[in-house]
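Heads up, the thing below is written out as C-alpha cells.
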Amino acid sequence: MSTPDLPAELGDGTRLVHAGDDPAVPGTPLRPSPVFAAPYHLGDQPPGWQGADGYARPDNPTLRVFERAVGELDGGDCLSFATGMAAISSAVLALVRPGDRVVLPSDGYYATRVLARDELERFGLQVDLVPTLEIEAVAARGDLDGVRLVLLETPSNPQLDVCDIAAVARATTAAGAVLAVDNTTASPIGQRPLALGADLTLGSDTKALTGHSDVLLGHVSSARTDTGRELNTRIAAWRKTTGNTPGPFEAWLAHRSMSTLDLRLARQAANAAALTELLAGHPAVSGVRWPWRPGDPSYALATTQMLRPNGVVSAELADSAAVQRLVASSRLLLAATSFGGVHTTIDRRAQWGGDAVPAGFVRFSCGIEDTADLVADLTSALAALG
C-alpha cells in the first residue's frame, strides 16, 4: 500500500522529507532500506501470472519508492533511469519513428546534441536544432509540420536562457506534438513543467536533486492525462527492453539525498545571488548571467515561470589563462564539471568542445558553503585578475 500524493499546500521542505513514504506501521523502519534482489520468488502460479515483482530489471521496490517521491514533486508519473542521458534518449527514442521531425535546443546540454548528430539522424529522423530563445517563435509560427517531439531545456545549460514553457505547450498541443522539458537546472521544486502544459518533464538527477556528487541517475515524469499515460507506457516498455533501469542502491541514495533539496537549494541560491553581484561589479568579468538577477535578459520570465532561484551562474573571463589564474588563486572554487552539488565549482565549458562559447566562458555551480566565506574567497581570487 502506498500513500497518495502529499497535499499541494505543504511547503517544499515538508514534501521532500515525506515524498514517497509508505504509511507508518509500528515496528517497521522509519525510512525504507534498499532491496537488492534481482530475481524474486514466483511460487506455484498459473500461466501468465503477473506478481508485484519477478525480476528487478523492469521494476523493483526501491525504484517504486524513489519514483513515487519524484512523481509527487513533478506532479506526474515518474520513471527513473541509470543516467540523465538515459532519460533523455529514452524519452526521444521511445516516441519517434523514422521520418519524424524532432526539435532540440542548439544551446542546451551538449550530449543531447551529440545524440542528435550521431544517433537520431542515423535512425532516419529529421533533427532541427533551434536556440532556446527561438523555440517559442518557431512554435508560435506553427512551423511544426511533421514534428513529433519538441525538447526544451530551460534554463538552458550553460548559458541560462529561459523559454516560455506554457506558450510552447499551447503550440505543440495544437500541432499534435509532444513537449518534453529538461528541468535539470531548475529542479522539480524550482519549476513544474507539467503544470505549465508540458507532456513530459525530465532531468539529470545526478545534479541538484541528489546533490552530493556521488550518484548517476535520471528520470522522466509524464503528465497525468490520457496522452501522458500513453507516453509513460511506451517509455516504460523502452526502458524494460533496453535495460536502462538504475540500480536499487542508486535509487535509495537519491531518495535519501533529495530530502535536503529545499535546504541545499536555498543556500545555493543565496550564494549565487552574492557571487553574481560580485562578478558583475568586477572589470575583468563580463556577460554575467543568473536568471533571478534584475536586469538579466531572462529575469522577467524566470520570476514568473519558475518557483524559486537556483545556484548556477555563468560569466566570461578574458581567456583560458584567466580562468586558470582564478582557480589557482581560490581556496574554495573547485575546478569540476557537472553542477548542483554541495561544493562550489567552476567549469570552463570550452575545454570540453561541445558548447559554442568563448574560451573564457565559465559556469559557476554554487554550493552550500557559508556565503561570507565564498564572497571573501572569490574577492581574493578576482584580485589576481587585476
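How things are named: the first chain in the C-alpha cells is A, the next is B, and so on; residues count from 1 in each chain; ligands count from 1 in the order shown.
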
Counting only C-alpha atoms, what is within 12 Å of Glu72 (chain A), bar same-chain residues fewer than 5 positions away, as number ranges by chain? A: 3-8, 10, 12, 15-21, 65-67, 77-78, 188-189, 192, 194, 221-224

Given the selection you just returned, output its residues as a file containing N, CA, C and O atoms, formatted as a CSV table (one decimal), in the first residue's frame.
```
chain,number,residue,atom,x,y,z
A,3,THR,N,1.1,5.7,-0.2
A,3,THR,CA,0.4,6.9,0.2
A,3,THR,C,0.0,7.7,-1.1
A,3,THR,O,0.6,7.6,-2.1
A,4,PRO,N,-1.1,8.4,-1.0
A,4,PRO,CA,-1.5,9.3,-2.1
A,4,PRO,C,-0.5,10.5,-2.1
A,4,PRO,O,0.3,10.6,-1.2
A,5,ASP,N,-0.5,11.3,-3.2
A,5,ASP,CA,0.3,12.4,-3.2
A,5,ASP,C,0.1,13.3,-2.0
A,5,ASP,O,-1.0,13.5,-1.5
A,6,LEU,N,1.2,13.9,-1.5
A,6,LEU,CA,1.1,14.8,-0.4
A,6,LEU,C,0.3,16.1,-0.8
A,6,LEU,O,0.3,16.5,-2.0
A,7,PRO,N,-0.4,16.7,0.1
A,7,PRO,CA,-1.2,17.9,-0.2
A,7,PRO,C,-0.3,19.0,-0.8
A,7,PRO,O,0.8,19.3,-0.4
A,8,ALA,N,-0.8,19.6,-1.9
A,8,ALA,CA,0.0,20.6,-2.6
A,8,ALA,C,0.3,21.8,-1.7
A,8,ALA,O,1.3,22.5,-2.0
A,10,LEU,N,1.4,21.9,1.2
A,10,LEU,CA,2.6,21.7,2.1
A,10,LEU,C,3.8,22.4,1.5
A,10,LEU,O,4.0,22.5,0.2
A,12,ASP,N,7.9,23.1,0.4
A,12,ASP,CA,8.9,22.2,-0.2
A,12,ASP,C,9.6,21.3,0.7
A,12,ASP,O,9.8,20.1,0.4
A,15,ARG,N,7.4,18.4,1.9
A,15,ARG,CA,7.1,17.5,0.8
A,15,ARG,C,8.3,16.6,0.5
A,15,ARG,O,8.2,15.4,0.2
A,16,LEU,N,9.5,17.2,0.5
A,16,LEU,CA,10.7,16.5,0.2
A,16,LEU,C,11.0,15.4,1.3
A,16,LEU,O,11.5,14.3,0.9
A,17,VAL,N,10.8,15.8,2.5
A,17,VAL,CA,11.1,14.8,3.6
A,17,VAL,C,10.1,13.6,3.5
A,17,VAL,O,10.5,12.5,3.8
A,18,HIS,N,8.9,13.9,3.2
A,18,HIS,CA,7.9,12.8,3.3
A,18,HIS,C,7.5,12.2,1.9
A,18,HIS,O,6.8,11.2,1.9
A,19,ALA,N,8.0,12.7,0.8
A,19,ALA,CA,7.7,12.2,-0.5
A,19,ALA,C,8.1,10.8,-0.7
A,19,ALA,O,9.2,10.4,-0.3
A,20,GLY,N,7.1,10.0,-1.1
A,20,GLY,CA,7.4,8.6,-1.4
A,20,GLY,C,7.2,7.6,-0.2
A,20,GLY,O,7.3,6.4,-0.4
A,21,ASP,N,7.0,8.2,1.0
A,21,ASP,CA,6.9,7.3,2.2
A,21,ASP,C,5.6,6.5,2.2
A,21,ASP,O,4.6,7.0,1.8
A,65,VAL,N,9.7,3.4,-4.7
A,65,VAL,CA,9.7,4.4,-3.7
A,65,VAL,C,10.3,5.7,-4.2
A,65,VAL,O,9.7,6.8,-4.0
A,66,PHE,N,11.4,5.6,-4.9
A,66,PHE,CA,12.0,6.8,-5.4
A,66,PHE,C,11.1,7.5,-6.5
A,66,PHE,O,10.9,8.7,-6.5
A,67,GLU,N,10.6,6.7,-7.4
A,67,GLU,CA,9.7,7.2,-8.4
A,67,GLU,C,8.5,7.8,-7.9
A,67,GLU,O,8.0,8.9,-8.4
A,77,ASP,N,3.7,11.0,-13.3
A,77,ASP,CA,4.1,9.6,-13.1
A,77,ASP,C,5.6,9.5,-13.5
A,77,ASP,O,5.9,9.7,-14.7
A,78,CYS,N,6.4,9.0,-12.6
A,78,CYS,CA,7.9,9.1,-12.8
A,78,CYS,C,8.4,7.7,-13.2
A,78,CYS,O,8.0,6.7,-12.6
A,188,PRO,N,12.9,19.8,-9.7
A,188,PRO,CA,11.5,19.7,-9.5
A,188,PRO,C,10.8,20.7,-8.6
A,188,PRO,O,9.6,20.9,-8.7
A,189,ILE,N,11.6,21.3,-7.6
A,189,ILE,CA,10.9,22.3,-6.8
A,189,ILE,C,11.2,23.7,-7.3
A,189,ILE,O,10.6,24.6,-6.7
A,192,ARG,N,7.8,23.6,-12.4
A,192,ARG,CA,6.9,22.4,-12.7
A,192,ARG,C,6.4,22.4,-14.1
A,192,ARG,O,5.3,22.9,-14.3
A,194,LEU,N,5.1,20.2,-16.0
A,194,LEU,CA,3.8,19.6,-16.3
A,194,LEU,C,2.6,20.5,-16.0
A,194,LEU,O,1.6,20.4,-16.7
A,221,SER,N,9.2,12.2,-16.0
A,221,SER,CA,7.8,12.1,-15.4
A,221,SER,C,6.8,12.6,-16.5
A,221,SER,O,7.1,13.5,-17.3
A,222,SER,N,5.7,11.9,-16.6
A,222,SER,CA,4.7,12.2,-17.6
A,222,SER,C,3.5,12.7,-16.9
A,222,SER,O,3.1,12.4,-15.8
A,223,ALA,N,2.8,13.6,-17.7
A,223,ALA,CA,1.6,14.2,-17.2
A,223,ALA,C,0.5,13.2,-16.9
A,223,ALA,O,0.4,12.1,-17.6
A,224,ARG,N,-0.4,13.4,-15.9
A,224,ARG,CA,-1.5,12.5,-15.6
A,224,ARG,C,-2.7,12.8,-16.4
A,224,ARG,O,-3.7,13.2,-16.0
```

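Listed by chain and then by rising number, the residues of region 62-100 of chain A that DSSP assigns to helix (DSSP H, G or I) from the backbone are Thr62, Leu63, Arg64, Val65, Phe66, Glu67, Arg68, Ala69, Val70, Gly71, Glu72, Leu73, Asp74, Gly84, Met85, Ala86, Ala87, Ile88, Ser89, Ser90, Ala91, Val92 and Leu93 of chain A.
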
Non-local contacts of Thr185 (chain A) (9 Å; only C-alpha atoms; under 6 positions in same chain excluded) as a PyMOL selection string: chain A and resi 153-157+160+203-204+207-208+310-312+339-340

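Among the candidates A:Cys366, A:Val285, A:Leu133, A:Ala266, the one nearest to Ser106 (chain A) when counting only C-alpha atoms is A:Leu133.
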
What residues in region 184-369 of chain A get the DSSP label strand (DSSP E or B)? Please answer as a PyMOL selection string. chain A and resi 200-204+218-222+286-289+312-316+334-335+345-348+361-365

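The residue that comes closest to Ser338 (chain A), out of A:Leu216, A:Ala376, A:Ala274, A:Met258 and on the basis of only C-alpha atoms, is A:Leu216.
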
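You can rank A:Arg122, A:His219, A:Arg229, A:Arg234 by their closest distance to Ile88 (chain A) using only C-alpha atoms, and at the top of that list sits A:His219.
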
Spatial neighbours of Pro248 (chain A), max dist 9 Å, only C-alpha atoms, sep filter under 5 positions, as number ranges by chain: A: 34-37, 56, 60-63, 253

Need the shell around Arg348 (chain A): protein/DNA/RNA residues with any atom at most 8 Å away, counting only C-alpha atoms. Skip same-chain ones fewer than 2 positions apart. Format as number ranges by chain? A: 320, 323, 346, 350-351, 359-363

Once you have the residues from the selection above, write them out as a compact mmCIF listing (two decimals), in the first residue's frame, restricted to all heavy atoms.
```txt
# COMPACT_ATOMS: atom_id res chain seq x y z
N SER A 320 41.30 31.44 -21.36
CA SER A 320 41.50 30.26 -20.52
C SER A 320 42.55 30.50 -19.44
O SER A 320 42.45 29.97 -18.33
CB SER A 320 41.91 29.06 -21.38
OG SER A 320 43.12 29.30 -22.07
N VAL A 323 40.98 32.08 -16.45
CA VAL A 323 40.24 31.09 -15.66
C VAL A 323 41.20 30.30 -14.79
O VAL A 323 40.94 30.05 -13.60
CB VAL A 323 39.44 30.14 -16.58
CG1 VAL A 323 38.72 29.09 -15.74
CG2 VAL A 323 38.45 30.93 -17.42
N ILE A 346 33.71 25.51 -10.50
CA ILE A 346 33.83 26.36 -11.69
C ILE A 346 34.24 25.45 -12.84
O ILE A 346 35.13 24.61 -12.71
CB ILE A 346 34.84 27.50 -11.46
CG1 ILE A 346 34.95 28.38 -12.71
CG2 ILE A 346 36.20 26.97 -11.03
CD1 ILE A 346 35.77 29.66 -12.48
N ALA A 350 34.49 25.64 -22.59
CA ALA A 350 35.12 25.46 -23.89
C ALA A 350 36.12 24.31 -23.90
O ALA A 350 36.44 23.76 -24.96
CB ALA A 350 35.81 26.75 -24.33
N GLN A 351 36.62 23.92 -22.73
CA GLN A 351 37.62 22.84 -22.70
C GLN A 351 37.04 21.50 -23.16
O GLN A 351 37.78 20.61 -23.56
CB GLN A 351 38.18 22.69 -21.29
CG GLN A 351 37.19 22.17 -20.26
CD GLN A 351 37.77 22.13 -18.86
OE1 GLN A 351 38.84 21.58 -18.64
NE2 GLN A 351 37.06 22.76 -17.92
N ALA A 359 36.53 30.99 -25.03
CA ALA A 359 37.49 30.21 -24.24
C ALA A 359 37.40 30.53 -22.75
O ALA A 359 37.67 29.67 -21.90
CB ALA A 359 38.91 30.46 -24.74
N GLY A 360 37.04 31.78 -22.42
CA GLY A 360 36.98 32.17 -21.01
C GLY A 360 35.60 32.05 -20.38
O GLY A 360 35.40 32.50 -19.25
N PHE A 361 34.67 31.43 -21.08
CA PHE A 361 33.31 31.27 -20.53
C PHE A 361 33.33 30.22 -19.43
O PHE A 361 33.84 29.11 -19.61
CB PHE A 361 32.35 30.85 -21.64
CG PHE A 361 30.92 30.66 -21.18
CD1 PHE A 361 30.01 31.70 -21.24
CD2 PHE A 361 30.50 29.44 -20.66
CE1 PHE A 361 28.70 31.52 -20.82
CE2 PHE A 361 29.20 29.25 -20.24
CZ PHE A 361 28.30 30.30 -20.31
N VAL A 362 32.72 30.56 -18.27
CA VAL A 362 32.72 29.64 -17.14
C VAL A 362 31.31 29.50 -16.57
O VAL A 362 30.50 30.42 -16.64
CB VAL A 362 33.68 30.09 -16.01
CG1 VAL A 362 35.12 29.94 -16.43
CG2 VAL A 362 33.38 31.52 -15.58
N ARG A 363 31.06 28.32 -16.03
CA ARG A 363 29.82 28.07 -15.31
C ARG A 363 30.16 27.83 -13.85
O ARG A 363 30.91 26.92 -13.52
CB ARG A 363 29.11 26.83 -15.88
CG ARG A 363 27.78 26.50 -15.19
CD ARG A 363 27.19 25.22 -15.75
NE ARG A 363 28.04 24.07 -15.45
CZ ARG A 363 28.02 22.92 -16.13
NH1 ARG A 363 27.22 22.79 -17.16
NH2 ARG A 363 28.82 21.93 -15.80
```

Compile the contact shell of region 128-130 of chain A as a ChimeraX atom specification: residues with an atom at most 7 Å away, counting only C-alpha atoms, same-chain residues fewer than 2 positions apart removed. /A:102-106,126,132,134-135

Dump of N, CA and C atoms for the selected residues, as a short mmCIF file (atom, residue, chain, number, x, y, z; two decimals), in the first residue's frame:
```cif
data_model
loop_
_atom_site.label_atom_id
_atom_site.label_comp_id
_atom_site.auth_asym_id
_atom_site.auth_seq_id
_atom_site.Cartn_x
_atom_site.Cartn_y
_atom_site.Cartn_z
N VAL A 102 12.17 16.20 -35.08
CA VAL A 102 12.40 16.43 -33.66
C VAL A 102 13.08 17.78 -33.51
N VAL A 103 12.56 18.62 -32.62
CA VAL A 103 13.16 19.93 -32.36
C VAL A 103 13.91 19.86 -31.04
N LEU A 104 15.22 20.14 -31.09
CA LEU A 104 16.08 20.10 -29.91
C LEU A 104 16.79 21.44 -29.76
N PRO A 105 17.17 21.79 -28.53
CA PRO A 105 17.88 23.07 -28.33
C PRO A 105 19.31 23.00 -28.83
N SER A 106 19.70 23.99 -29.61
CA SER A 106 21.07 24.03 -30.12
C SER A 106 22.06 24.52 -29.08
N GLN A 126 14.52 13.66 -38.79
CA GLN A 126 14.95 15.00 -39.15
C GLN A 126 15.07 15.81 -37.88
N THR A 132 17.43 28.12 -27.71
CA THR A 132 16.37 28.15 -26.70
C THR A 132 15.46 29.37 -26.86
N GLU A 134 14.66 30.93 -29.44
CA GLU A 134 13.90 30.96 -30.69
C GLU A 134 12.86 29.85 -30.78
N ILE A 135 12.90 28.89 -29.86
CA ILE A 135 11.97 27.76 -29.95
C ILE A 135 10.53 28.25 -29.80
#
```

Could you check how far CA of Ala177 (chain A) sits from CA of Glu121 (chain A), in Å to one decimal? 18.8 Å

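Rounded to one decimal, CA of Asp347 (chain A) and CA of Ala335 (chain A) lie 5.9 Å from each other.
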
Considering only C-alpha atoms, state which residue in the set A:Ala321, A:Val114, A:Leu202, A:Val357 is at the smallest distance from Ala186 (chain A). A:Leu202

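From CA of Leu317 (chain A) back to CA of Ala356 (chain A), the distance works out to 15.2 Å.
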
Shell around Ala237 (chain A) at 12 Å using only C-alpha atoms, local window under 3 positions removed, as a PyMOL selection string: chain A and resi 57-59+79+90-91+93-95+230-234+240-245
